[in-house]
Each structure stands twice: as structure tokens, then as C-alpha cells.
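The next block is my_file_24.pdb, given as PDB, C-alpha atoms and all ligand atoms.
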```
ATOM      1  CA  MET K   1     106.031  55.294  30.345
ATOM      2  CA  ASP K   2     107.857  58.563  29.780
ATOM      3  CA  LEU K   3     107.095  60.738  32.793
ATOM      4  CA  GLY K   4     107.850  63.913  30.837
ATOM      5  CA  ILE K   5     110.151  65.528  33.408
ATOM      6  CA  LYS K   6     113.455  65.441  31.531
ATOM      7  CA  ASP K   7     115.596  68.494  32.414
ATOM      8  CA  ARG K   8     113.117  69.743  35.001
ATOM      9  CA  VAL K   9     114.730  70.840  38.257
ATOM     10  CA  ALA K  10     113.559  68.806  41.241
ATOM     11  CA  VAL K  11     114.495  69.638  44.837
ATOM     12  CA  VAL K  12     114.336  66.710  47.243
ATOM     13  CA  THR K  13     114.645  67.435  50.951
ATOM     14  CA  GLY K  14     115.999  64.588  53.031
ATOM     15  CA  GLY K  15     117.695  63.247  49.899
ATOM     16  CA  ALA K  16     120.808  62.160  51.799
ATOM     17  CA  ARG K  17     119.372  58.786  52.746
ATOM     18  CA  GLY K  18     116.359  56.526  52.956
ATOM     19  CA  ILE K  19     113.199  57.385  51.058
ATOM     20  CA  GLY K  20     114.451  60.824  49.973
ATOM     21  CA  ARG K  21     117.562  59.260  48.461
ATOM     22  CA  ALA K  22     115.469  56.719  46.502
ATOM     23  CA  ILE K  23     113.217  59.528  45.230
ATOM     24  CA  ALA K  24     116.208  61.640  44.168
ATOM     25  CA  LEU K  25     117.691  58.691  42.248
ATOM     26  CA  GLU K  26     114.365  57.865  40.598
ATOM     27  CA  LEU K  27     113.761  61.463  39.470
ATOM     28  CA  ALA K  28     117.324  61.564  38.114
ATOM     29  CA  ARG K  29     116.665  58.327  36.195
ATOM     30  CA  GLU K  30     113.711  60.129  34.614
ATOM     31  CA  GLY K  31     116.088  62.883  33.476
ATOM     32  CA  ALA K  32     115.376  65.548  36.107
ATOM     33  CA  LYS K  33     118.215  67.670  37.482
ATOM     34  CA  VAL K  34     118.196  67.106  41.219
ATOM     35  CA  GLY K  35     118.836  69.579  44.017
ATOM     36  CA  LEU K  36     119.484  67.873  47.351
ATOM     37  CA  LEU K  37     118.675  69.767  50.546
ATOM     38  CA  ASP K  38     119.650  68.068  53.783
ATOM     39  CA  ILE K  39     121.739  68.514  56.926
ATOM     40  CA  PHE K  40     123.599  65.203  56.410
ATOM     41  CA  GLU K  41     126.483  66.204  54.134
ATOM     42  CA  GLU K  42     128.115  62.803  53.748
ATOM     43  CA  GLY K  43     124.833  61.193  52.677
ATOM     44  CA  MET K  44     124.087  63.981  50.224
ATOM     45  CA  ALA K  45     127.524  63.599  48.660
ATOM     46  CA  LYS K  46     126.817  59.875  48.191
ATOM     47  CA  THR K  47     123.418  60.458  46.556
ATOM     48  CA  ALA K  48     124.815  63.233  44.342
ATOM     49  CA  GLY K  49     127.782  61.052  43.378
ATOM     50  CA  ASP K  50     125.472  58.178  42.419
ATOM     51  CA  ILE K  51     123.345  60.518  40.275
ATOM     52  CA  ARG K  52     126.426  61.871  38.495
ATOM     53  CA  ALA K  53     127.704  58.314  37.995
ATOM     54  CA  MET K  54     124.532  57.518  36.043
ATOM     55  CA  GLY K  55     125.100  60.604  33.857
ATOM     56  CA  GLY K  56     122.673  62.853  35.708
ATOM     57  CA  THR K  57     122.977  66.299  37.264
ATOM     58  CA  ALA K  58     122.893  66.902  41.011
ATOM     59  CA  LEU K  59     123.681  69.771  43.353
ATOM     60  CA  GLU K  60     123.803  69.262  47.094
ATOM     61  CA  VAL K  61     123.264  72.152  49.512
ATOM     62  CA  LYS K  62     123.442  71.752  53.265
ATOM     63  CA  ALA K  63     120.467  73.441  54.911
ATOM     64  CA  ASP K  64     118.108  72.886  57.827
ATOM     65  CA  VAL K  65     114.529  72.830  56.495
ATOM     66  CA  GLY K  66     113.359  74.430  59.731
ATOM     67  CA  ASP K  67     115.439  77.561  59.092
ATOM     68  CA  ALA K  68     113.764  79.808  56.500
ATOM     69  CA  ASP K  69     116.938  81.795  55.770
ATOM     70  CA  GLN K  70     118.939  78.641  55.055
ATOM     71  CA  VAL K  71     116.136  77.250  52.886
ATOM     72  CA  ASN K  72     115.830  80.470  50.873
ATOM     73  CA  ALA K  73     119.596  80.598  50.334
ATOM     74  CA  ALA K  74     119.588  76.960  49.180
ATOM     75  CA  PHE K  75     116.783  77.572  46.679
ATOM     76  CA  GLU K  76     118.639  80.612  45.323
ATOM     77  CA  ARG K  77     121.592  78.350  44.568
ATOM     78  CA  PHE K  78     119.393  75.674  42.985
ATOM     79  CA  GLY K  79     117.772  78.306  40.770
ATOM     80  CA  ALA K  80     121.063  79.937  39.799
ATOM     81  CA  GLU K  81     123.017  76.734  39.170
ATOM     82  CA  LEU K  82     120.378  74.253  37.940
ATOM     83  CA  GLY K  83     117.542  76.413  36.595
ATOM     84  CA  PRO K  84     113.982  77.160  37.740
ATOM     85  CA  VAL K  85     112.793  74.711  40.391
ATOM     86  CA  THR K  86     109.452  73.197  39.318
ATOM     87  CA  ILE K  87     109.378  69.997  41.399
ATOM     88  CA  LEU K  88     109.600  69.833  45.195
ATOM     89  CA  VAL K  89     109.553  66.645  47.250
ATOM     90  CA  ASN K  90     109.436  67.086  51.023
ATOM     91  CA  SER K  91     110.916  63.962  52.562
ATOM     92  CA  ALA K  92     113.087  65.404  55.376
ATOM     93  CA  ALA K  93     111.691  64.651  58.826
ATOM     94  CA  VAL K  94     112.692  63.464  62.266
ATOM     95  CA  LEU K  95     111.342  60.599  64.333
ATOM     96  CA  ASP K  96     113.804  59.754  67.071
ATOM     97  CA  ASN K  97     111.807  59.635  70.262
ATOM     98  CA  ILE K  98     108.931  57.569  71.527
ATOM     99  CA  SER K  99     107.201  58.771  74.669
ATOM    100  CA  LYS K 100     103.668  59.276  75.855
ATOM    101  CA  ILE K 101     102.472  62.861  75.720
ATOM    102  CA  GLU K 102     102.693  63.440  79.467
ATOM    103  CA  LEU K 103     106.337  62.356  79.456
ATOM    104  CA  MET K 104     107.306  64.161  76.284
ATOM    105  CA  ASP K 105     109.915  66.889  76.535
ATOM    106  CA  PRO K 106     108.221  70.071  75.191
ATOM    107  CA  ALA K 107     111.463  70.868  73.364
ATOM    108  CA  ARG K 108     110.959  67.672  71.316
ATOM    109  CA  TRP K 109     107.443  68.767  70.418
ATOM    110  CA  GLU K 110     108.754  72.162  69.241
ATOM    111  CA  ARG K 111     111.547  70.475  67.275
ATOM    112  CA  ASP K 112     109.119  68.046  65.563
ATOM    113  CA  LEU K 113     106.907  70.959  64.509
ATOM    114  CA  ARG K 114     109.857  73.030  63.311
ATOM    115  CA  VAL K 115     111.429  70.304  61.156
ATOM    116  CA  ASN K 116     108.473  68.191  60.008
ATOM    117  CA  LEU K 117     105.879  70.907  59.430
ATOM    118  CA  THR K 118     107.451  74.380  59.342
ATOM    119  CA  GLY K 119     110.181  72.775  57.208
ATOM    120  CA  ILE K 120     107.596  72.024  54.512
ATOM    121  CA  PHE K 121     106.064  75.498  54.847
ATOM    122  CA  ASN K 122     109.529  77.021  54.322
ATOM    123  CA  CYS K 123     110.353  74.873  51.292
ATOM    124  CA  VAL K 124     106.974  75.402  49.613
ATOM    125  CA  ARG K 125     107.322  79.172  50.004
ATOM    126  CA  ALA K 126     110.848  79.086  48.588
ATOM    127  CA  ALA K 127     109.800  76.941  45.601
ATOM    128  CA  LEU K 128     106.566  78.695  44.616
ATOM    129  CA  PRO K 129     107.969  81.807  42.851
ATOM    130  CA  SER K 130     109.774  79.771  40.166
ATOM    131  CA  MET K 131     106.846  77.351  39.780
ATOM    132  CA  GLN K 132     104.403  80.238  39.364
ATOM    133  CA  LYS K 133     106.686  81.928  36.844
ATOM    134  CA  GLU K 134     106.960  78.687  34.852
ATOM    135  CA  MET K 135     103.199  78.071  35.231
ATOM    136  CA  TRP K 136     103.989  74.452  36.176
ATOM    137  CA  GLY K 137     104.786  72.760  39.434
ATOM    138  CA  ARG K 138     104.636  69.507  41.380
ATOM    139  CA  ILE K 139     104.822  69.328  45.152
ATOM    140  CA  VAL K 140     104.760  65.997  46.981
ATOM    141  CA  SER K 141     105.103  65.683  50.749
ATOM    142  CA  ILE K 142     105.704  62.472  52.638
ATOM    143  CA  SER K 143     103.313  61.896  55.517
ATOM    144  CA  SER K 144     102.913  58.643  57.435
ATOM    145  CA  VAL K 145     100.250  56.257  58.669
ATOM    146  CA  ALA K 146     100.932  57.966  62.012
ATOM    147  CA  GLY K 147      99.448  61.132  60.497
ATOM    148  CA  VAL K 148      96.247  59.314  59.561
ATOM    149  CA  LEU K 149      95.838  56.810  62.411
ATOM    150  CA  GLY K 150      97.860  58.512  65.169
ATOM    151  CA  GLY K 151     100.947  56.885  66.627
ATOM    152  CA  PHE K 152     101.378  55.627  70.176
ATOM    153  CA  GLY K 153     104.220  57.596  71.740
ATOM    154  CA  GLN K 154     104.480  59.831  68.678
ATOM    155  CA  ALA K 155     102.496  62.953  69.622
ATOM    156  CA  GLY K 156     104.743  65.394  67.805
ATOM    157  CA  TYR K 157     105.456  63.191  64.808
ATOM    158  CA  SER K 158     101.825  62.199  64.199
ATOM    159  CA  ALA K 159     100.579  65.781  64.669
ATOM    160  CA  THR K 160     103.029  67.072  62.065
ATOM    161  CA  LYS K 161     102.249  64.239  59.658
ATOM    162  CA  ALA K 162      98.512  65.030  59.963
ATOM    163  CA  GLY K 163      99.200  68.763  59.707
ATOM    164  CA  LEU K 164     101.036  68.475  56.430
ATOM    165  CA  ILE K 165      97.991  66.829  54.834
ATOM    166  CA  GLY K 166      95.939  69.968  55.533
ATOM    167  CA  LEU K 167      98.822  72.114  54.332
ATOM    168  CA  MET K 168      99.103  70.256  51.007
ATOM    169  CA  LYS K 169      95.337  70.348  50.393
ATOM    170  CA  THR K 170      95.440  74.112  50.940
ATOM    171  CA  VAL K 171      98.398  74.538  48.586
ATOM    172  CA  ALA K 172      96.539  72.411  46.008
ATOM    173  CA  MET K 173      93.571  74.789  46.127
ATOM    174  CA  GLU K 174      95.587  77.988  46.130
ATOM    175  CA  GLN K 175      98.065  77.056  43.394
ATOM    176  CA  ALA K 176      95.879  75.249  40.834
ATOM    177  CA  ARG K 177      95.675  78.454  38.781
ATOM    178  CA  TYR K 178      99.414  78.096  38.098
ATOM    179  CA  ASN K 179      99.169  74.393  37.132
ATOM    180  CA  ILE K 180     100.899  73.520  40.375
ATOM    181  CA  THR K 181      99.721  70.306  42.023
ATOM    182  CA  ALA K 182     100.253  69.365  45.671
ATOM    183  CA  ASN K 183      99.856  65.826  46.951
ATOM    184  CA  VAL K 184     100.721  63.589  49.873
ATOM    185  CA  VAL K 185     101.834  59.984  50.053
ATOM    186  CA  TYR K 186     101.769  58.183  53.344
ATOM    187  CA  PRO K 187     103.903  55.081  53.753
ATOM    188  CA  GLY K 188     103.399  52.562  56.506
ATOM    189  CA  ILE K 189     106.717  50.917  57.253
ATOM    190  CA  ILE K 190     109.668  51.271  54.920
ATOM    191  CA  ALA K 191     113.048  49.647  55.489
ATOM    192  CA  THR K 192     115.166  52.734  56.223
ATOM    193  CA  GLU K 193     117.258  53.841  59.183
ATOM    194  CA  MET K 194     114.231  55.672  60.578
ATOM    195  CA  PHE K 195     112.522  52.282  61.073
ATOM    196  CA  GLN K 196     115.629  50.677  62.555
ATOM    197  CA  PHE K 197     115.388  52.457  65.878
ATOM    198  CA  MET K 198     112.198  50.554  66.755
ATOM    199  CA  ARG K 199     112.338  47.491  68.996
ATOM    200  CA  GLU K 200     112.228  44.128  67.167
ATOM    201  CA  ASP K 201     108.963  43.078  68.889
ATOM    202  CA  MET K 202     107.348  46.349  67.771
ATOM    203  CA  LYS K 203     108.551  45.798  64.211
ATOM    204  CA  ASP K 204     107.065  42.278  64.228
ATOM    205  CA  ARG K 205     103.729  43.533  65.542
ATOM    206  CA  ILE K 206     103.573  46.096  62.741
ATOM    207  CA  ARG K 207     104.583  43.554  60.073
ATOM    208  CA  LYS K 208     101.549  41.441  61.035
ATOM    209  CA  ARG K 209      99.291  44.357  60.062
ATOM    210  CA  ILE K 210     100.794  44.673  56.567
ATOM    211  CA  VAL K 211      98.983  42.529  54.003
ATOM    212  CA  PHE K 212     102.299  41.489  52.428
ATOM    213  CA  ARG K 213     103.681  40.752  55.939
ATOM    214  CA  ARG K 214     106.858  42.733  55.244
ATOM    215  CA  GLU K 215     108.042  46.328  55.237
ATOM    216  CA  GLY K 216     108.311  48.186  51.938
ATOM    217  CA  GLU K 217     111.492  49.307  50.210
ATOM    218  CA  PRO K 218     112.341  52.993  49.644
ATOM    219  CA  GLU K 219     111.781  52.405  45.915
ATOM    220  CA  ASP K 220     108.141  51.481  46.587
ATOM    221  CA  VAL K 221     107.616  55.067  47.710
ATOM    222  CA  ALA K 222     109.910  56.578  45.084
ATOM    223  CA  TRP K 223     108.000  55.090  42.136
ATOM    224  CA  ALA K 224     104.689  56.510  43.364
ATOM    225  CA  VAL K 225     106.240  59.897  44.100
ATOM    226  CA  ALA K 226     107.926  60.042  40.677
ATOM    227  CA  PHE K 227     104.565  59.488  39.026
ATOM    228  CA  LEU K 228     102.965  62.289  41.070
ATOM    229  CA  CYS K 229     105.855  64.560  39.982
ATOM    230  CA  SER K 230     105.250  63.738  36.335
ATOM    231  CA  GLU K 231     103.484  65.438  33.475
ATOM    232  CA  LYS K 232     101.073  62.478  33.442
ATOM    233  CA  ALA K 233      99.808  63.377  36.930
ATOM    234  CA  ARG K 234      98.589  66.818  35.875
ATOM    235  CA  TYR K 235      94.982  66.120  36.967
ATOM    236  CA  ILE K 236      95.890  64.696  40.389
ATOM    237  CA  THR K 237      95.993  67.243  43.172
ATOM    238  CA  GLY K 238      94.970  67.488  46.820
ATOM    239  CA  THR K 239      95.159  63.704  47.201
ATOM    240  CA  THR K 240      96.627  61.543  49.951
ATOM    241  CA  LEU K 241      97.915  58.252  48.589
ATOM    242  CA  ASP K 242      97.984  55.303  50.990
ATOM    243  CA  LEU K 243     101.296  53.425  50.659
ATOM    244  CA  SER K 244     100.861  51.415  53.852
ATOM    245  CA  ALA K 245     100.026  48.095  52.131
ATOM    246  CA  GLY K 246      97.083  47.434  54.356
ATOM    247  CA  ILE K 247      98.003  48.898  57.739
ATOM    248  CA  THR K 248      94.967  51.155  57.404
ATOM    249  CA  LEU K 249      92.648  48.262  56.439
ATOM    250  CA  PHE K 250      90.455  46.584  58.995
ATOM    251  CA  THR K 251      91.670  43.086  59.775
ATOM    252  CA  PHE K 252      90.698  40.377  62.260
TER     253      PHE K 252
HETATM  254  N1  LIG K 301     110.792  54.802  57.059
HETATM  255  C1  LIG K 301     109.525  54.658  57.345
HETATM  256  O1  LIG K 301     109.078  53.597  57.790
HETATM  257  C2  LIG K 301     108.558  55.809  57.121
HETATM  258  C3  LIG K 301     107.201  55.542  57.285
HETATM  259  C4  LIG K 301     106.287  56.546  57.076
HETATM  260  C5  LIG K 301     106.728  57.803  56.692
HETATM  261  N2  LIG K 301     108.050  58.056  56.546
HETATM  262  C6  LIG K 301     108.458  59.401  56.156
HETATM  263  O2  LIG K 301     109.265  59.330  55.000
HETATM  264  C7  LIG K 301     110.203  60.408  55.019
HETATM  265  C8  LIG K 301     111.607  59.856  54.866
HETATM  266  O3  LIG K 301     111.848  58.943  55.907
HETATM  267  P1  LIG K 301     113.145  58.048  55.957
HETATM  268  O4  LIG K 301     112.740  56.736  56.525
HETATM  269  O5  LIG K 301     113.846  58.106  54.657
HETATM  270  O6  LIG K 301     113.969  58.825  57.089
HETATM  271  P2  LIG K 301     115.521  58.968  57.308
HETATM  272  O7  LIG K 301     115.674  59.329  58.747
HETATM  273  O8  LIG K 301     116.265  57.790  56.780
HETATM  274  O9  LIG K 301     115.895  60.230  56.392
HETATM  275  C9  LIG K 301     115.474  61.518  56.725
HETATM  276  C10 LIG K 301     116.405  62.521  56.072
HETATM  277  O10 LIG K 301     115.979  63.826  56.484
HETATM  278  C11 LIG K 301     117.130  64.573  56.837
HETATM  279  N3  LIG K 301     116.791  65.616  57.796
HETATM  280  C12 LIG K 301     116.424  65.451  59.101
HETATM  281  N4  LIG K 301     116.243  66.637  59.681
HETATM  282  C13 LIG K 301     116.500  67.582  58.736
HETATM  283  C14 LIG K 301     116.495  68.998  58.727
HETATM  284  N5  LIG K 301     116.200  69.695  59.832
HETATM  285  N6  LIG K 301     116.791  69.647  57.578
HETATM  286  C15 LIG K 301     117.117  68.957  56.459
HETATM  287  N7  LIG K 301     117.153  67.613  56.405
HETATM  288  C16 LIG K 301     116.854  66.936  57.527
HETATM  289  C17 LIG K 301     118.089  63.541  57.438
HETATM  290  O11 LIG K 301     119.422  64.019  57.471
HETATM  291  C18 LIG K 301     117.877  62.363  56.524
HETATM  292  O12 LIG K 301     118.733  62.407  55.413
HETATM  293  C19 LIG K 301     109.984  61.144  56.317
HETATM  294  O13 LIG K 301     109.152  62.249  56.095
HETATM  295  C20 LIG K 301     109.290  60.116  57.182
HETATM  296  O14 LIG K 301     108.510  60.712  58.188
HETATM  297  C21 LIG K 301     108.988  57.074  56.753
END
```
Show me, as C-alpha cells, the structure contained in the file I just sent.
Amino acid sequence: MDLGIKDRVAVVTGGARGIGRAIALELAREGAKVGLLDIFEEGMAKTAGDIRAMGGTALEVKADVGDADQVNAAFERFGAELGPVTILVNSAAVLDNISKIELMDPARWERDLRVNLTGIFNCVRAALPSMQKEMWGRIVSISSVAGVLGGFGQAGYSATKAGLIGLMKTVAMEQARYNITANVVYPGIIATEMFQFMREDMKDRIRKRIVFRREGEPEDVAWAVAFLCSEKARYITGTTLDLSAGITLFTF
């Protein structure tokens, strides 16, 4: 199926590794020009190099999604060097601490909000002017089962992952008049470095709740996201797509 996004400019945050990297590569395979926005320079260079090696176009810009000035400057470069940005995928996020709410360092809470939620707010605001001008846009944000079910020891992470669902539904309503869609996918467990920091016994417990009894691959998310970024997904907006392979299903 031709997704109809050849030569469109797609910005992927968190594209230096993991799920964001797989999404960036998939969009490039579909012919999109890819802007990478991340703080991890080495990873971005690798993703961009792989895109160029397959004959695609990529531009990497180091920026912290939580800093509006850095985000705006990055989008100015994407617009000037690649063309009008009409696709935005928000994959950048942090999950590096597990502690019950009463033990949580308030600075961690603030940091989670700044990166995982305000980061999306900043990127959406930076991307909207070109999407509105082009009268076409696709925004996909990556949530998590923790945003839907909560996550033990993940107060900040789960709150931001729930918050972004409300944010995307609002953007979907406000921007429909410009043919801009906004959707969420929420993976369960995907084999990336973010998952690696969990203890092995925790990983095994989670695997038992997945109907396939194994974690997903970054590509499993990337294929779904690429479709939501496509011309063919023009009538899909305000949705939250469950990519947890059963974690949210009731089992005995
Ligand atoms: N891996 C999983 O099991 C899983 C499950 C559910 C949801 N998710 C979500 O999928 C998305 C991608 O996860 P992943 O597993 O690829 O994570 P990852 O940690 O491998 O990659 C995250 C990327 O975001 C970047 N990043 C972090 N802070 C940033 C900042 N302030 N500004 C710019 N970039 C920043 C990192 O440098 C990294 O490249 C995240 O939103 C995550 O919450 C992951």
C-alpha cells in the first residue's frame, strides 16, 4: 500500500534510538524527508546516516523538547532546510526512575512533566503553523499502557502518558478544520533500552500478561504510526490505538 507521504517532511522526536528511530526509518522508507529532534547526538547521527544510506533525506538537530526556544529553533531549521513540516511524531520521553509517590523526588515529577508532556505541547505548537498553511497535517504521540492503566512506581510517567491523550484529543478537535489529525498509540512493552532498566523478574511478570508472551519490536509500533501519518488515515483522528498485545485485556 502506498502511504502517500513521499517528499512530505516528518519530524520525529526521540528519533535517536528505540521506537523513535524505527519510526524515522519507516517514514523514510515511505519517501518522507525526516527531521530528527533529540538530545542524543550520536544516536541521531546513526539514524540519519542509515536514512541517507537508503537514499533518503534526513536532518538531525539537537534540541531538548522541554525547552520551547530550542524546539522553535529546531523547527525553523527543518522548515528552511527540508521544507514545510506536515508530519510530527512525538516519541521522546523519559522513564528512568521507579518509586512510590511518597518517595518520589519532586524534581523528578517536574522533569517528567517538562519532557513527556510540555515537550509535546512545545513541538505541536512549533509544527502547527506550517501544517495549517499547507492545510494538511498528521500528529502522532506515543503514550503507554501506564497512561491508561497507571503504573506502579511511575507517578510522573503515567500522569504524563495519560495527559498526552487528552492533549491529542483536544488538538484533534481544534485542528480538524485544517485537515490536521492527531492520534495516540500506546505500546505495552517494546524491546528498547527504556525497557532494559527493569528487573528481570518484573519483565517476566509483564510478559505473562501479553497474549503473545513476548515484548514487541520497535517496528511493531513504527508500522502502526506510519499508517496514522499517511494519506490513507485521513479520517482517523482523536483515537488511541492499543499496541499492548493484550496487557489491557482481562485474563485469569
Ligand atoms: N519501550 C517500551 O516498552 C515503551 C512502552 C510504552 C511506551 N513507550 C514510549 O515510546 C516512546 C519511545 O520509547 P523508547 O523505548 O524508544 O525510549 P528510549 O529511551 O529508547 O528513547 C527515547 C528517546 O528520547 C530522547 N529524549 C529523552 N529526553 C529528551 C529530551 N528532553 N529532548 C529530546 N529528546 C529526548 C532520548 O535521547 C532517546 O533517543 C516513549 O514515549 C515511551 O514512553 C515505550
Applied to this file, what does the PyMOL selection byres (((chain K and resi 164-171) around 9) and not hetatm) return in terms of residues, put as a PDB file with C-alpha atoms, keeping the file's coordinate frame?
```pdb
ATOM      1  CA  ASN K 116     108.473  68.191  60.008  1.00  0.00           C
ATOM      2  CA  LEU K 117     105.879  70.907  59.430  1.00  0.00           C
ATOM      3  CA  ILE K 120     107.596  72.024  54.512  1.00  0.00           C
ATOM      4  CA  PHE K 121     106.064  75.498  54.847  1.00  0.00           C
ATOM      5  CA  VAL K 124     106.974  75.402  49.613  1.00  0.00           C
ATOM      6  CA  ILE K 139     104.822  69.328  45.152  1.00  0.00           C
ATOM      7  CA  VAL K 140     104.760  65.997  46.981  1.00  0.00           C
ATOM      8  CA  SER K 141     105.103  65.683  50.749  1.00  0.00           C
ATOM      9  CA  ILE K 142     105.704  62.472  52.638  1.00  0.00           C
ATOM     10  CA  SER K 143     103.313  61.896  55.517  1.00  0.00           C
ATOM     11  CA  GLY K 147      99.448  61.132  60.497  1.00  0.00           C
ATOM     12  CA  ALA K 159     100.579  65.781  64.669  1.00  0.00           C
ATOM     13  CA  THR K 160     103.029  67.072  62.065  1.00  0.00           C
ATOM     14  CA  LYS K 161     102.249  64.239  59.658  1.00  0.00           C
ATOM     15  CA  ALA K 162      98.512  65.030  59.963  1.00  0.00           C
ATOM     16  CA  GLY K 163      99.200  68.763  59.707  1.00  0.00           C
ATOM     17  CA  ALA K 172      96.539  72.411  46.008  1.00  0.00           C
ATOM     18  CA  MET K 173      93.571  74.789  46.127  1.00  0.00           C
ATOM     19  CA  GLU K 174      95.587  77.988  46.130  1.00  0.00           C
ATOM     20  CA  GLN K 175      98.065  77.056  43.394  1.00  0.00           C
ATOM     21  CA  ALA K 176      95.879  75.249  40.834  1.00  0.00           C
ATOM     22  CA  ILE K 180     100.899  73.520  40.375  1.00  0.00           C
ATOM     23  CA  THR K 181      99.721  70.306  42.023  1.00  0.00           C
ATOM     24  CA  ALA K 182     100.253  69.365  45.671  1.00  0.00           C
ATOM     25  CA  ASN K 183      99.856  65.826  46.951  1.00  0.00           C
ATOM     26  CA  VAL K 184     100.721  63.589  49.873  1.00  0.00           C
ATOM     27  CA  THR K 237      95.993  67.243  43.172  1.00  0.00           C
ATOM     28  CA  GLY K 238      94.970  67.488  46.820  1.00  0.00           C
ATOM     29  CA  THR K 239      95.159  63.704  47.201  1.00  0.00           C
ATOM     30  CA  THR K 240      96.627  61.543  49.951  1.00  0.00           C
TER      31      THR K 240
END
```
**Answer key for the PyMOL selection byres (((chain K and resi 21) around 9) and not hetatm), residues as JSON, numbers by chain** = {"K": [12, 14, 15, 16, 17, 18, 19, 20, 22, 23, 24, 25, 26, 36, 43, 44, 47, 218, 222]}
**Fill in**
One decimal place gives the CA of Glu219 (chain K)-CA of Asn97 (chain K) separation as 25.4 Å
**Non-local contacts of Thr118 (chain K) (8 Å; all atoms listed in the file; under 4 positions in same chain excluded) as a PyMOL selection string** = chain K and resi 65-66+113-114+122
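Using only C-alpha atoms, the smallest distance between any of K:Glu30, K:Glu231, K:Glu76, K:Asp69 and Met54 (chain K) comes from K:Glu30.
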**Asked** When the PyMOL selection byres (((chain K and resi 227) around 10) and not hetatm) is applied to the file above, which residues end up in the set, as a PyMOL selection string?
**Response** chain K and resi 1-5+27+222-226+228-234
Residue rebuild result region 60-74 of chain K, N, CA and C atoms as a short mmCIF file (atom, residue, chain, number, x, y, z; two decimals), in the coordinates of the input:
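The result, stored in out_13.cif:
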```cif
data_model
loop_
_atom_site.label_atom_id
_atom_site.label_comp_id
_atom_site.auth_asym_id
_atom_site.auth_seq_id
_atom_site.Cartn_x
_atom_site.Cartn_y
_atom_site.Cartn_z
N GLU K 60 124.17 69.44 45.69
CA GLU K 60 123.80 69.26 47.09
C GLU K 60 124.08 70.54 47.88
N VAL K 61 123.10 70.95 48.69
CA VAL K 61 123.26 72.15 49.51
C VAL K 61 122.85 71.80 50.93
N LYS K 62 123.76 72.04 51.86
CA LYS K 62 123.44 71.75 53.26
C LYS K 62 122.53 72.85 53.82
N ALA K 63 121.38 72.47 54.32
CA ALA K 63 120.47 73.44 54.91
C ALA K 63 119.50 72.71 55.83
N ASP K 64 119.10 73.40 56.88
CA ASP K 64 118.11 72.89 57.83
C ASP K 64 116.74 73.36 57.34
N VAL K 65 115.84 72.43 57.03
CA VAL K 65 114.53 72.83 56.50
C VAL K 65 113.76 73.74 57.46
N GLY K 66 114.06 73.63 58.74
CA GLY K 66 113.36 74.43 59.73
C GLY K 66 113.83 75.87 59.80
N ASP K 67 114.87 76.21 59.07
CA ASP K 67 115.44 77.56 59.09
C ASP K 67 115.15 78.24 57.75
N ALA K 68 114.22 79.19 57.76
CA ALA K 68 113.76 79.81 56.50
C ALA K 68 114.91 80.48 55.74
N ASP K 69 115.83 81.12 56.46
CA ASP K 69 116.94 81.80 55.77
C ASP K 69 117.82 80.79 55.03
N GLN K 70 118.11 79.67 55.70
CA GLN K 70 118.94 78.64 55.06
C GLN K 70 118.22 78.04 53.85
N VAL K 71 116.92 77.82 53.99
CA VAL K 71 116.14 77.25 52.89
C VAL K 71 116.12 78.21 51.70
N ASN K 72 115.87 79.49 51.96
CA ASN K 72 115.83 80.47 50.87
C ASN K 72 117.17 80.56 50.16
N ALA K 73 118.26 80.53 50.95
CA ALA K 73 119.60 80.60 50.33
C ALA K 73 119.85 79.36 49.47
N ALA K 74 119.40 78.20 49.95
CA ALA K 74 119.59 76.96 49.18
C ALA K 74 118.82 77.04 47.86
#
```
